[in-house]
Amino acid sequence: MPLSESRKRELLGQMYTIRAFEEMAEQLYGMGKVHGTMHLSIGMEGSAVGSVAALRDDDLILSTHRGHGHCIAKGADLNLMMAEFMGKEEGYCRGRGGSMHIADIVGGNLGANGVVGGGIPIAVGVGLGLKMQKRDQVILCFFGDGAANLGPFHEAMNMATIWKLPVVYVCENNQYAISFSVKKAFAIERISDRAAAYGMPGVTVDGNDVLEVHEAVSQAVSRARAGEGPSLVENLTYRWRGHSKSDANRYRTAEEIEEWKRKDPIKRHRERLIREGIMSAGDAAQMRLEAYAAIDAAVAFAEASSEPTLESIEEGVYA
Amino acid sequence: MRELTYREAVREALRQEMRRDQRVFIIGEDVGVYGGAFGVTMGLVDEFGEGRVVDTPISELGIAGAITGAALVGMRPVGEIMFMDFCTLAMEQLVNQAAKIRFMFGGKARVPFVLRTPAGSGSGAAAQHSQSLENWFVHVPGLKVVMPSSPRDAKGLLTSSIRDDNPVIFIEHKLLYNIKGLVPEEPYTTPLGTAEVKREGRDATVVATSVMVRRSLEAAEYMAREGVELEVVDPRTLKPMDEATIMQSVKKTGRVLIVHEACKTGGYGGEVAAVIAESEAFSYLDAPIMRLAGRDMPIPYNPTLEHHTVPQTESIIEAARELVQGTV
């Protein structure tokens, strides 16, 4: 089903919000206001937004360590998200999870994951649970190109297929597992080719085209909801920033990064909307400003939020 | 009350909980028509169908992921890993995911599952099918670890484990499956985190787990003829540990022998010993705390070597004699 004009505008707004969140995350980090590590998906917003746009509000996602975009696309409250990023009690996970473990269970985000590929087998269980309860929701599981070379990928893809589970696997191929290029890590051209080995459809799309991603994932979602089983969608994309905070980019060239920056998913969608008369350049500029303002407000909320108390330190280990 | 085997007691808990709660289901390798590698789930597929007794491919990590994910969306799965040794293949999901999800997410999610698995040597299965890896799990916050030693405990503890809102590792013992004991017919729970004094005695405390409880009871029976009264305490739940019951017994007898099958180094006995040493019970001790555990080596195939790799009734008697020397 093609997206309405207002939905297409919303997708641009979401991408602006993700970009604004992550630029702010980087700034806060630089200012020493957050500790630990973080993984930015700047340049990959089309994949997160296009994929989640194919879901219903009550559908579920499992995210990755590079999951800010997934979380925002799924409709997270920016204040609670920023508070979590800053380790505050008001945050989604009471400051216990941080950037790598943001979850919004009520909102259908079953959690980012610090372990590469960690969510892939969980998706099998979620799909199985949904199917057993005869709920018509689907679970969309994000993972990266690196995760596709883990053993769990094999076990999970097979189990999801033999039981025809309502799972959509979305591989965000951003070209590198930290420093290891997909060109060296795979002897095949497309990761989606592996889908055939499990008996599920696999497709590779331009992950920097939010509408192309939406179209491909929508087909996978329909199939999952109809009880026909899982699919694998590979979104080709690129992270502009390093793997995490300590990445000197020794494994790639400045030219390569510049080349991908010209394929910016935000710029591309914005220009299309203007070209098609869906919004004016002024509307887009205004939308962008609003996104950055919302992030500023989230930072203010997070900074005013409280530190967890020491008395509560062991809460949540057991139910 | 009728007698059931340990195997039947586990099965009865599964059957009764599946009848009581539609969210409970079984998943594992060959758990359906085959009945499980040790026959525990035999016949359950006939009553509940393949939809609730789910056979899987040989994918241990996939099974762990399946129970974790299903629990996250409101089911109460009971997974089976055919041999405890194969839990090693599932550790990522159990340790990094299931055990931590609740805490990482600020207490806003729960993962109520049971993972059943048979451990232990004595069946000639050699080094890769005989391990006792319970302490791997004891060391992981977020998991509970249960090790029943009798049919009655097996049923009550499994029922409690299924109703618990946390991931529970439920460790059965291959040599116990055919052991018979009195088991109430109606559903009942044995609370997790409660030890039981299996035999009262005044001269020394034996803290033993799983099959070692039976061997310790045999040893106590034998020692009684020599006038030595051993008190046998079964923690039943390794985590959380019922420290109070153990301390009470140690304070009464002043001597303690800890017996388990797992390798001594890094085993549960070290934890029990440390908890006693750190507590007020320490000042009641009349002799050093003694541990009798599996040798620090893989389980050998040869039956004589296998027998001498882990504590047996004779070696428990020998250790207990040494412990009480000069007191009786």
# chains A, B, ... in the order shown; residues from 1 in each chain; ligands from 1
$ select_by_dssp --residues "region 2-73 of chain A" --states "alpha helix (DSSP H)" --output "ChimeraX atom specification"
/A:5-30,45-52,68-73
$ interface_residues --of "chain B" --to "chain A" --cutoff "10 Å" --atoms "only C-alpha atoms" --output "NGL selection string"
:B and (22-23 or 25 or 51-52 or 56-77 or 89-90 or 92-93 or 96-112 or 141-144 or 164-167)
$ closest_residue --among "B:Lys239, B:Lys264, B:His308, B:Arg255" --to "Pro288 (chain B)" --atoms "only C-alpha atoms"
B:Arg255
$ select_by_dssp --residues "region 77-173 of chain A" --states "strand (DSSP E or B)" --output "VMD selection string"
chain A and resid 104 109 139 to 144 167 to 173
$ closest_residue --among "A:Leu62, A:Ala185, A:Val167, A:Ala300" --to "Leu150 (chain A)" --atoms "only C-alpha atoms"
A:Ala185
$ closest_residue --among "B:Thr253, B:Thr194, B:Glu261, B:Gly269" --to "Asp234 (chain B)" --atoms "only C-alpha atoms"
B:Thr194
$ residues_around --residues "region 34-47 of chain A" --least-positions-apart "4" --cutoff "8 Å" --atoms "only C-alpha atoms" --output "PDB file with N, CA and C atoms, in the first residue's frame"
ATOM      1  N   MET A  15      13.456  10.901  10.401  1.00  0.00           N
ATOM      2  CA  MET A  15      14.885  10.829  10.060  1.00  0.00           C
ATOM      3  C   MET A  15      15.634  12.042  10.606  1.00  0.00           C
ATOM      4  N   ILE A  18      16.135  11.430  14.329  1.00  0.00           N
ATOM      5  CA  ILE A  18      17.221  10.483  14.614  1.00  0.00           C
ATOM      6  C   ILE A  18      18.574  11.162  14.435  1.00  0.00           C
ATOM      7  N   ARG A  19      18.710  11.894  13.338  1.00  0.00           N
ATOM      8  CA  ARG A  19      19.980  12.586  13.075  1.00  0.00           C
ATOM      9  C   ARG A  19      20.290  13.576  14.206  1.00  0.00           C
ATOM     10  N   GLU A  22      21.319  11.777  17.434  1.00  0.00           N
ATOM     11  CA  GLU A  22      22.669  11.209  17.432  1.00  0.00           C
ATOM     12  C   GLU A  22      23.749  12.287  17.367  1.00  0.00           C
ATOM     13  N   LEU A  28      27.189  15.488  23.464  1.00  0.00           N
ATOM     14  CA  LEU A  28      27.161  15.261  24.918  1.00  0.00           C
ATOM     15  C   LEU A  28      28.348  14.407  25.325  1.00  0.00           C
ATOM     16  N   TYR A  29      28.656  13.457  24.483  1.00  0.00           N
ATOM     17  CA  TYR A  29      29.790  12.593  24.752  1.00  0.00           C
ATOM     18  C   TYR A  29      31.075  13.408  24.763  1.00  0.00           C
ATOM     19  N   SER A  51      11.941   0.720   7.528  1.00  0.00           N
ATOM     20  CA  SER A  51      11.565  -0.608   8.023  1.00  0.00           C
ATOM     21  C   SER A  51      10.406  -0.513   9.011  1.00  0.00           C
ATOM     22  N   HIS A  65      22.815  -2.929  18.951  1.00  0.00           N
ATOM     23  CA  HIS A  65      23.621  -1.948  19.696  1.00  0.00           C
ATOM     24  C   HIS A  65      23.628  -0.604  18.978  1.00  0.00           C
ATOM     25  N   ARG A  66      23.344  -0.606  17.675  1.00  0.00           N
ATOM     26  CA  ARG A  66      23.264   0.652  16.919  1.00  0.00           C
ATOM     27  C   ARG A  66      21.785   0.983  16.734  1.00  0.00           C
ATOM     28  N   GLY A  67      21.103   1.160  17.843  1.00  0.00           N
ATOM     29  CA  GLY A  67      19.635   1.113  17.802  1.00  0.00           C
ATOM     30  C   GLY A  67      18.883   2.402  18.064  1.00  0.00           C
ATOM     31  N   HIS A  68      19.559   3.535  18.190  1.00  0.00           N
ATOM     32  CA  HIS A  68      18.810   4.777  18.468  1.00  0.00           C
ATOM     33  C   HIS A  68      17.733   5.023  17.413  1.00  0.00           C
ATOM     34  N   GLY A  69      18.090   4.776  16.168  1.00  0.00           N
ATOM     35  CA  GLY A  69      17.158   5.034  15.073  1.00  0.00           C
ATOM     36  C   GLY A  69      15.928   4.140  15.133  1.00  0.00           C
ATOM     37  N   PHE A  85      19.875   7.544  27.994  1.00  0.00           N
ATOM     38  CA  PHE A  85      21.217   7.747  27.428  1.00  0.00           C
ATOM     39  C   PHE A  85      22.138   8.394  28.459  1.00  0.00           C
ATOM     40  N   MET A  86      21.550   9.266  29.278  1.00  0.00           N
ATOM     41  CA  MET A  86      22.352   9.959  30.283  1.00  0.00           C
ATOM     42  C   MET A  86      22.348   9.224  31.635  1.00  0.00           C
ATOM     43  N   GLY A  87      21.763   8.015  31.655  1.00  0.00           N
ATOM     44  CA  GLY A  87      21.846   7.174  32.856  1.00  0.00           C
ATOM     45  C   GLY A  87      20.948   7.616  33.999  1.00  0.00           C
ATOM     46  N   SER A  99      22.726   3.471  26.380  1.00  0.00           N
ATOM     47  CA  SER A  99      22.583   3.509  24.915  1.00  0.00           C
ATOM     48  C   SER A  99      22.388   2.131  24.288  1.00  0.00           C
ATOM     49  N   MET A 100      23.124   1.132  24.791  1.00  0.00           N
ATOM     50  CA  MET A 100      23.100  -0.185  24.139  1.00  0.00           C
ATOM     51  C   MET A 100      21.910  -1.052  24.509  1.00  0.00           C
ATOM     52  N   GLU A 172      20.803  -4.826   8.313  1.00  0.00           N
ATOM     53  CA  GLU A 172      21.321  -3.509   7.939  1.00  0.00           C
ATOM     54  C   GLU A 172      22.789  -3.683   7.574  1.00  0.00           C
ATOM     55  N   ASN A 174      25.833  -2.290   6.670  1.00  0.00           N
ATOM     56  CA  ASN A 174      26.511  -0.984   6.593  1.00  0.00           C
ATOM     57  C   ASN A 174      27.971  -1.134   6.184  1.00  0.00           C
ATOM     58  N   GLY A 207      19.221   0.718   1.018  1.00  0.00           N
ATOM     59  CA  GLY A 207      18.828   1.086   2.380  1.00  0.00           C
ATOM     60  C   GLY A 207      18.819   2.579   2.628  1.00  0.00           C
ATOM     61  N   ASN A 208      19.341   3.333   1.700  1.00  0.00           N
ATOM     62  CA  ASN A 208      19.330   4.783   1.872  1.00  0.00           C
ATOM     63  C   ASN A 208      18.133   5.424   1.170  1.00  0.00           C
ATOM     64  N   ASP A 209      17.266   4.595   0.622  1.00  0.00           N
ATOM     65  CA  ASP A 209      16.013   5.096   0.054  1.00  0.00           C
ATOM     66  C   ASP A 209      14.884   4.616   0.963  1.00  0.00           C
ATOM     67  N   VAL A 210      14.412   5.527   1.780  1.00  0.00           N
ATOM     68  CA  VAL A 210      13.444   5.148   2.813  1.00  0.00           C
ATOM     69  C   VAL A 210      12.182   4.513   2.210  1.00  0.00           C
ATOM     70  N   VAL A 213      12.957   0.881   1.035  1.00  0.00           N
ATOM     71  CA  VAL A 213      13.010   0.024   2.217  1.00  0.00           C
ATOM     72  C   VAL A 213      11.584  -0.281   2.684  1.00  0.00           C
ATOM     73  N   ASN A 235      19.138  -4.243   3.813  1.00  0.00           N
ATOM     74  CA  ASN A 235      19.210  -2.822   3.479  1.00  0.00           C
ATOM     75  C   ASN A 235      20.671  -2.411   3.315  1.00  0.00           C
ATOM     76  N   THR A 237      23.468   0.052   3.257  1.00  0.00           N
ATOM     77  CA  THR A 237      23.610   1.401   3.794  1.00  0.00           C
ATOM     78  C   THR A 237      25.042   1.595   4.275  1.00  0.00           C
ATOM     79  N   TYR A 238      25.262   2.634   5.070  1.00  0.00           N
ATOM     80  CA  TYR A 238      26.630   2.989   5.455  1.00  0.00           C
ATOM     81  C   TYR A 238      26.600   3.852   6.696  1.00  0.00           C
ATOM     82  N   ARG A 239      27.491   3.548   7.633  1.00  0.00           N
ATOM     83  CA  ARG A 239      27.570   4.450   8.796  1.00  0.00           C
ATOM     84  C   ARG A 239      28.673   5.461   8.547  1.00  0.00           C
ATOM     85  N   TRP A 240      28.308   6.710   8.738  1.00  0.00           N
ATOM     86  CA  TRP A 240      29.278   7.780   8.497  1.00  0.00           C
ATOM     87  C   TRP A 240      30.308   7.854   9.608  1.00  0.00           C
ATOM     88  N   ARG A 241      29.860   7.620  10.820  1.00  0.00           N
ATOM     89  CA  ARG A 241      30.766   7.715  11.945  1.00  0.00           C
ATOM     90  C   ARG A 241      31.500   6.388  12.134  1.00  0.00           C
ATOM     91  N   GLY A 242      32.432   6.373  13.065  1.00  0.00           N
ATOM     92  CA  GLY A 242      33.165   5.154  13.365  1.00  0.00           C
ATOM     93  C   GLY A 242      32.264   4.127  14.024  1.00  0.00           C
ATOM     94  N   HIS A 243      32.799   2.925  14.247  1.00  0.00           N
ATOM     95  CA  HIS A 243      32.026   1.873  14.901  1.00  0.00           C
ATOM     96  C   HIS A 243      31.519   2.352  16.260  1.00  0.00           C
ATOM     97  N   SER A 244      32.423   2.874  17.068  1.00  0.00           N
ATOM     98  CA  SER A 244      32.038   3.441  18.364  1.00  0.00           C
ATOM     99  C   SER A 244      32.931   4.641  18.581  1.00  0.00           C
ATOM    100  N   LYS A 245      33.092   5.032  19.822  1.00  0.00           N
ATOM    101  CA  LYS A 245      33.849   6.263  20.065  1.00  0.00           C
ATOM    102  C   LYS A 245      35.328   6.156  19.698  1.00  0.00           C
ATOM    103  N   LYS A 261      28.328   9.846   1.828  1.00  0.00           N
ATOM    104  CA  LYS A 261      27.622  11.022   2.349  1.00  0.00           C
ATOM    105  C   LYS A 261      26.784  11.672   1.251  1.00  0.00           C
ATOM    106  N   ASP A 264      23.194  10.476   1.164  1.00  0.00           N
ATOM    107  CA  ASP A 264      22.486  10.740   2.427  1.00  0.00           C
ATOM    108  C   ASP A 264      20.982  10.442   2.295  1.00  0.00           C
ATOM    109  N   PRO A 265      20.476   9.518   3.102  1.00  0.00           N
ATOM    110  CA  PRO A 265      19.047   9.156   2.981  1.00  0.00           C
ATOM    111  C   PRO A 265      18.104  10.321   3.290  1.00  0.00           C
ATOM    112  N   ILE A 266      18.538  11.235   4.125  1.00  0.00           N
ATOM    113  CA  ILE A 266      17.667  12.369   4.481  1.00  0.00           C
ATOM    114  C   ILE A 266      17.564  13.344   3.309  1.00  0.00           C
TER     115      ILE A 266
END
$ residues_around --residues "region 38-49 of chain B" --least-positions-apart "5" --cutoff "9 Å" --atoms "only C-alpha atoms" --output "list in words"
Arg7, Glu8, Val10, Arg11, Leu14, Arg15, Met18, Arg19, Phe25, Ile26, Val31, Gly32, Val33, Val54, Met82, Pro118, Lys174 and Tyr177 of chain B
